[in-house]
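A.B. asks: Please read through the structure below; I'll follow up with questions.
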Amino acid sequence: MNPTASDARAALEATLSAWKAGKMPADLASSIPPVHATDSEWANGRKLVEYQILREEPSESDKRFVVKLVHAAPAKDEEVAYIVLGAETKSVFRAEDYDRTMNMDNNPAPKKRR
């Protein structure tokens with residue numbers, strides 16, 4: 001079962017707020033409600049300075065959002081798509097990580113930043 005738009009947005013907000021606060025994805029698993037976050041940039045230590053949820057994208061199954069991210073050194077703004085799944089426990093994926101998970105045989109892991 002997929003989340004409502006408001007529940008999905010709340011899970012995405014919690015995820016991005018935790019990243020901005022310097023927490024790690026695993027820290028969200030013990031939150032109420034629990035959230036499982038998958039973002040390779042975050043997991044590899046990239047710092048988030050600011051974010052803005054720009055819009056929800058139409059989807060027949062999951063909830064999709066486009067977010068503007070502002071990163072610290074190297075300073076960079078980017079628009080990134082996120083996918084939110086799940087009813088009770090939410091899963092928040094950076095879209096490229098979701099695609100990589102769904103196509104594991106055809107998608108190499110992202111390179112770690114130095």
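Just so we're on the same page: first chain in the structure tokens is A, next is B, and so on; residues restart at 1 for each chain, and ligands are numbered from 1 in the order they show up.
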List as an NGL selection string the protein and nucleic acid residues near stretch 4-21 of chain A, meaning an atom at most 10 Å away when only C-alpha atoms are counted, but skip any in the same chain fewer than 2 places from it.
C.D. replies: :A and (1-2 or 23-25 or 27-28 or 31 or 33-39 or 42-43 or 45-53 or 56 or 62-65 or 67 or 69-71 or 82-93)
A.B. asks: Kindly export the residues of the current selection with N, CA and C atoms, as a compact mmCIF listing (two decimals), in the first residue's frame.
C.D. replies:
# COMPACT_ATOMS: atom_id res chain seq x y z
N MET A 1 0.85 -1.18 0.00
CA MET A 1 0.00 0.00 0.00
C MET A 1 0.89 1.24 0.00
N ASN A 2 0.49 2.25 -0.74
CA ASN A 2 1.27 3.46 -0.84
C ASN A 2 0.74 4.54 0.09
N LYS A 23 22.35 14.30 10.49
CA LYS A 23 22.10 12.91 10.88
C LYS A 23 22.39 11.98 9.71
N MET A 24 22.34 10.69 9.98
CA MET A 24 22.56 9.67 8.95
C MET A 24 21.23 8.98 8.62
N PRO A 25 21.13 8.35 7.44
CA PRO A 25 19.87 7.69 7.07
C PRO A 25 19.38 6.69 8.12
N ASP A 27 19.45 6.84 11.22
CA ASP A 27 18.83 7.50 12.37
C ASP A 27 17.31 7.59 12.22
N LEU A 28 16.81 7.56 11.00
CA LEU A 28 15.36 7.68 10.77
C LEU A 28 14.60 6.39 11.05
N SER A 31 12.65 6.53 14.18
CA SER A 31 11.71 7.63 14.35
C SER A 31 10.28 7.09 14.36
N PRO A 33 6.64 8.06 12.78
CA PRO A 33 6.72 6.70 12.23
C PRO A 33 8.10 6.46 11.62
N PRO A 34 8.51 5.19 11.55
CA PRO A 34 9.83 4.89 11.00
C PRO A 34 9.92 5.21 9.51
N VAL A 35 11.10 5.67 9.12
CA VAL A 35 11.37 6.00 7.72
C VAL A 35 12.69 5.33 7.33
N HIS A 36 12.70 4.67 6.20
CA HIS A 36 13.93 4.09 5.66
C HIS A 36 14.34 4.96 4.48
N ALA A 37 15.48 5.62 4.61
CA ALA A 37 15.95 6.55 3.58
C ALA A 37 17.10 5.95 2.80
N THR A 38 17.03 6.08 1.48
CA THR A 38 18.10 5.62 0.60
C THR A 38 18.48 6.76 -0.32
N ASP A 39 19.66 7.32 -0.06
CA ASP A 39 20.19 8.39 -0.89
C ASP A 39 21.71 8.23 -0.91
N TRP A 42 23.87 11.22 0.28
CA TRP A 42 23.83 11.38 1.73
C TRP A 42 24.67 10.30 2.39
N ALA A 43 24.49 9.06 1.99
CA ALA A 43 25.23 7.94 2.58
C ALA A 43 26.73 8.09 2.37
N GLY A 45 28.32 10.88 2.51
CA GLY A 45 28.83 11.99 3.29
C GLY A 45 28.62 13.38 2.74
N ARG A 46 27.87 13.51 1.67
CA ARG A 46 27.62 14.85 1.12
C ARG A 46 26.77 15.64 2.10
N LYS A 47 27.11 16.89 2.31
CA LYS A 47 26.42 17.76 3.26
C LYS A 47 25.31 18.54 2.56
N LEU A 48 24.15 18.58 3.20
CA LEU A 48 23.01 19.33 2.68
C LEU A 48 22.87 20.63 3.46
N VAL A 49 22.82 21.75 2.75
CA VAL A 49 22.69 23.06 3.37
C VAL A 49 21.23 23.49 3.43
N GLU A 50 20.51 23.24 2.34
CA GLU A 50 19.11 23.67 2.25
C GLU A 50 18.38 22.80 1.24
N TYR A 51 17.06 22.77 1.36
CA TYR A 51 16.25 22.04 0.38
C TYR A 51 14.90 22.73 0.23
N GLN A 52 14.27 22.47 -0.90
CA GLN A 52 12.93 22.99 -1.15
C GLN A 52 12.18 21.96 -1.98
N ILE A 53 11.06 21.48 -1.46
CA ILE A 53 10.22 20.56 -2.23
C ILE A 53 9.47 21.40 -3.25
N GLU A 56 4.97 17.82 -6.55
CA GLU A 56 4.69 16.39 -6.62
C GLU A 56 4.48 16.05 -8.09
N ASP A 62 3.45 4.94 -6.77
CA ASP A 62 4.15 5.57 -5.65
C ASP A 62 3.94 7.08 -5.66
N LYS A 63 4.52 7.75 -4.69
CA LYS A 63 4.49 9.22 -4.64
C LYS A 63 5.86 9.73 -5.05
N ARG A 64 5.87 10.69 -5.97
CA ARG A 64 7.13 11.22 -6.50
C ARG A 64 7.15 12.74 -6.32
N PHE A 65 8.32 13.21 -5.90
CA PHE A 65 8.51 14.64 -5.67
C PHE A 65 9.80 15.10 -6.33
N VAL A 67 12.75 17.89 -5.83
CA VAL A 67 13.29 18.68 -4.73
C VAL A 67 14.53 19.43 -5.21
N LEU A 69 17.96 20.75 -4.05
CA LEU A 69 18.93 20.53 -2.98
C LEU A 69 20.07 21.53 -3.15
N VAL A 70 20.52 22.10 -2.04
CA VAL A 70 21.69 22.97 -2.03
C VAL A 70 22.73 22.29 -1.15
N HIS A 71 23.86 21.95 -1.75
CA HIS A 71 24.92 21.23 -1.05
C HIS A 71 26.04 22.16 -0.62
N TYR A 82 12.57 12.29 -5.90
CA TYR A 82 12.48 11.33 -4.80
C TYR A 82 11.19 10.53 -4.94
N ILE A 83 11.25 9.28 -4.51
CA ILE A 83 10.11 8.36 -4.55
C ILE A 83 9.83 7.93 -3.12
N VAL A 84 8.56 7.96 -2.72
CA VAL A 84 8.16 7.55 -1.37
C VAL A 84 7.17 6.40 -1.50
N LEU A 85 7.45 5.32 -0.77
CA LEU A 85 6.62 4.11 -0.77
C LEU A 85 6.25 3.74 0.66
N GLY A 86 5.22 2.91 0.80
CA GLY A 86 4.89 2.33 2.10
C GLY A 86 3.78 3.05 2.83
N ALA A 87 3.02 2.28 3.60
CA ALA A 87 1.90 2.85 4.35
C ALA A 87 2.31 3.18 5.78
N GLU A 88 2.73 2.19 6.54
CA GLU A 88 3.12 2.44 7.93
C GLU A 88 4.58 2.86 8.02
N THR A 89 5.47 2.01 7.55
CA THR A 89 6.88 2.36 7.46
C THR A 89 7.11 2.92 6.07
N LYS A 90 7.59 4.15 6.01
CA LYS A 90 7.82 4.80 4.71
C LYS A 90 9.24 4.50 4.24
N SER A 91 9.40 4.35 2.95
CA SER A 91 10.71 4.24 2.31
C SER A 91 10.86 5.42 1.38
N VAL A 92 11.91 6.19 1.58
CA VAL A 92 12.19 7.37 0.76
C VAL A 92 13.46 7.09 -0.03
N PHE A 93 13.35 7.13 -1.34
CA PHE A 93 14.47 6.85 -2.23
C PHE A 93 14.79 8.06 -3.10
A.B. asks: As an exercise, work out the distance from atom CA of A:Ile32 to atom CA of A:Arg94 in Å and give it to one decimal place.
C.D. replies: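 Distance between the two atoms: 21.1 Å.
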A.B. asks: From the DSSP assignment of the backbone, select every residue of chain A that is helix (DSSP H, G or I), and format the answer as a PyMOL selection string.
C.D. replies: chain A and resi 5-20+25-30+40-43+95-102
A.B. asks: Dump N, CA and C atoms for the selected residues as an mmCIF file, in the first residue's frame?
C.D. replies:
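Output (out-v7.cif):
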data_model
loop_
_atom_site.group_PDB
_atom_site.id
_atom_site.type_symbol
_atom_site.label_atom_id
_atom_site.label_comp_id
_atom_site.auth_asym_id
_atom_site.auth_seq_id
_atom_site.Cartn_x
_atom_site.Cartn_y
_atom_site.Cartn_z
ATOM 1 N N ALA A 5 -0.569 11.485 -0.148
ATOM 2 C CA ALA A 5 0.341 12.557 -0.549
ATOM 3 C C ALA A 5 0.882 13.302 0.665
ATOM 4 N N SER A 6 0.031 13.563 1.654
ATOM 5 C CA SER A 6 0.491 14.301 2.839
ATOM 6 C C SER A 6 1.451 13.465 3.681
ATOM 7 N N ASP A 7 1.178 12.158 3.830
ATOM 8 C CA ASP A 7 2.093 11.288 4.577
ATOM 9 C C ASP A 7 3.430 11.140 3.853
ATOM 10 N N ALA A 8 3.377 11.032 2.531
ATOM 11 C CA ALA A 8 4.607 10.908 1.745
ATOM 12 C C ALA A 8 5.440 12.176 1.863
ATOM 13 N N ARG A 9 4.782 13.311 1.778
ATOM 14 C CA ARG A 9 5.500 14.588 1.897
ATOM 15 C C ARG A 9 6.113 14.733 3.287
ATOM 16 N N ALA A 10 5.385 14.314 4.319
ATOM 17 C CA ALA A 10 5.912 14.387 5.688
ATOM 18 C C ALA A 10 7.143 13.497 5.842
ATOM 19 N N ALA A 11 7.124 12.313 5.252
ATOM 20 C CA ALA A 11 8.283 11.412 5.318
ATOM 21 C C ALA A 11 9.472 12.007 4.570
ATOM 22 N N LEU A 12 9.218 12.622 3.427
ATOM 23 C CA LEU A 12 10.287 13.267 2.669
ATOM 24 C C LEU A 12 10.855 14.446 3.453
ATOM 25 N N GLU A 13 9.993 15.249 4.057
ATOM 26 C CA GLU A 13 10.437 16.376 4.895
ATOM 27 C C GLU A 13 11.307 15.882 6.047
ATOM 28 N N ALA A 14 10.865 14.808 6.717
ATOM 29 C CA ALA A 14 11.642 14.252 7.830
ATOM 30 C C ALA A 14 13.011 13.787 7.354
ATOM 31 N N THR A 15 13.040 13.159 6.185
ATOM 32 C CA THR A 15 14.290 12.664 5.613
ATOM 33 C C THR A 15 15.243 13.809 5.317
ATOM 34 N N LEU A 16 14.764 14.804 4.604
ATOM 35 C CA LEU A 16 15.629 15.916 4.212
ATOM 36 C C LEU A 16 16.037 16.771 5.408
ATOM 37 N N SER A 17 15.150 16.921 6.380
ATOM 38 C CA SER A 17 15.491 17.667 7.595
ATOM 39 C C SER A 17 16.577 16.955 8.389
ATOM 40 N N ALA A 18 16.496 15.628 8.456
ATOM 41 C CA ALA A 18 17.527 14.852 9.156
ATOM 42 C C ALA A 18 18.874 15.003 8.455
ATOM 43 N N TRP A 19 18.877 14.937 7.131
ATOM 44 C CA TRP A 19 20.118 15.105 6.367
ATOM 45 C C TRP A 19 20.709 16.488 6.635
ATOM 46 N N LYS A 20 19.879 17.510 6.556
ATOM 47 C CA LYS A 20 20.330 18.885 6.780
ATOM 48 C C LYS A 20 20.887 19.059 8.193
ATOM 49 N N PRO A 25 21.128 8.354 7.444
ATOM 50 C CA PRO A 25 19.874 7.688 7.073
ATOM 51 C C PRO A 25 19.379 6.686 8.116
ATOM 52 N N ALA A 26 20.285 5.955 8.743
ATOM 53 C CA ALA A 26 19.890 4.943 9.732
ATOM 54 C C ALA A 26 19.196 5.564 10.943
ATOM 55 N N ASP A 27 19.455 6.835 11.221
ATOM 56 C CA ASP A 27 18.827 7.502 12.367
ATOM 57 C C ASP A 27 17.310 7.587 12.223
ATOM 58 N N LEU A 28 16.806 7.558 11.003
ATOM 59 C CA LEU A 28 15.363 7.679 10.773
ATOM 60 C C LEU A 28 14.597 6.387 11.047
ATOM 61 N N ALA A 29 15.297 5.266 11.066
ATOM 62 C CA ALA A 29 14.621 3.976 11.264
ATOM 63 C C ALA A 29 13.953 3.887 12.628
ATOM 64 N N SER A 30 14.476 4.618 13.608
ATOM 65 C CA SER A 30 13.893 4.570 14.951
ATOM 66 C C SER A 30 12.922 5.720 15.199
ATOM 67 N N SER A 40 22.259 7.840 -2.043
ATOM 68 C CA SER A 40 23.689 7.539 -2.129
ATOM 69 C C SER A 40 24.555 8.757 -1.842
ATOM 70 N N GLU A 41 24.108 9.945 -2.203
ATOM 71 C CA GLU A 41 24.887 11.156 -1.917
ATOM 72 C C GLU A 41 24.981 11.381 -0.410
ATOM 73 N N TRP A 42 23.870 11.220 0.278
ATOM 74 C CA TRP A 42 23.832 11.383 1.729
ATOM 75 C C TRP A 42 24.674 10.301 2.391
ATOM 76 N N ALA A 43 24.486 9.064 1.985
ATOM 77 C CA ALA A 43 25.227 7.945 2.576
ATOM 78 C C ALA A 43 26.734 8.093 2.373
ATOM 79 N N ALA A 95 15.501 8.958 -6.627
ATOM 80 C CA ALA A 95 14.990 8.191 -7.769
ATOM 81 C C ALA A 95 16.066 7.343 -8.432
ATOM 82 N N GLU A 96 17.272 7.868 -8.583
ATOM 83 C CA GLU A 96 18.326 7.082 -9.238
ATOM 84 C C GLU A 96 18.723 5.879 -8.386
ATOM 85 N N ASP A 97 18.647 6.000 -7.056
ATOM 86 C CA ASP A 97 18.935 4.858 -6.185
ATOM 87 C C ASP A 97 17.814 3.826 -6.262
ATOM 88 N N TYR A 98 16.577 4.293 -6.376
ATOM 89 C CA TYR A 98 15.444 3.386 -6.548
ATOM 90 C C TYR A 98 15.594 2.603 -7.850
ATOM 91 N N ASP A 99 15.921 3.319 -8.926
ATOM 92 C CA ASP A 99 16.112 2.654 -10.222
ATOM 93 C C ASP A 99 17.249 1.642 -10.153
ATOM 94 N N ARG A 100 18.319 2.006 -9.459
ATOM 95 C CA ARG A 100 19.458 1.097 -9.318
ATOM 96 C C ARG A 100 19.033 -0.157 -8.540
ATOM 97 N N THR A 101 18.217 0.020 -7.515
ATOM 98 C CA THR A 101 17.738 -1.108 -6.713
ATOM 99 C C THR A 101 16.850 -2.033 -7.545
ATOM 100 N N MET A 102 15.992 -1.448 -8.363
ATOM 101 C CA MET A 102 15.079 -2.244 -9.175
ATOM 102 C C MET A 102 15.778 -2.950 -10.332
#
A.B. asks: Would you please work out which residue, of A:Ala81, A:Ser61, A:Val66, A:Asn103, is nearest to A:Pro3 when using only C-alpha atoms?
C.D. replies: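 Using only C-alpha atoms, A:Pro3 sits closest to A:Ser61.
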A.B. asks: Check the DSSP output for the backbone and give back, as a PyMOL selection string, the residues of chain A in strand (DSSP E).
C.D. replies: chain A and resi 35-38+48-57+63-71+76-85+90-94
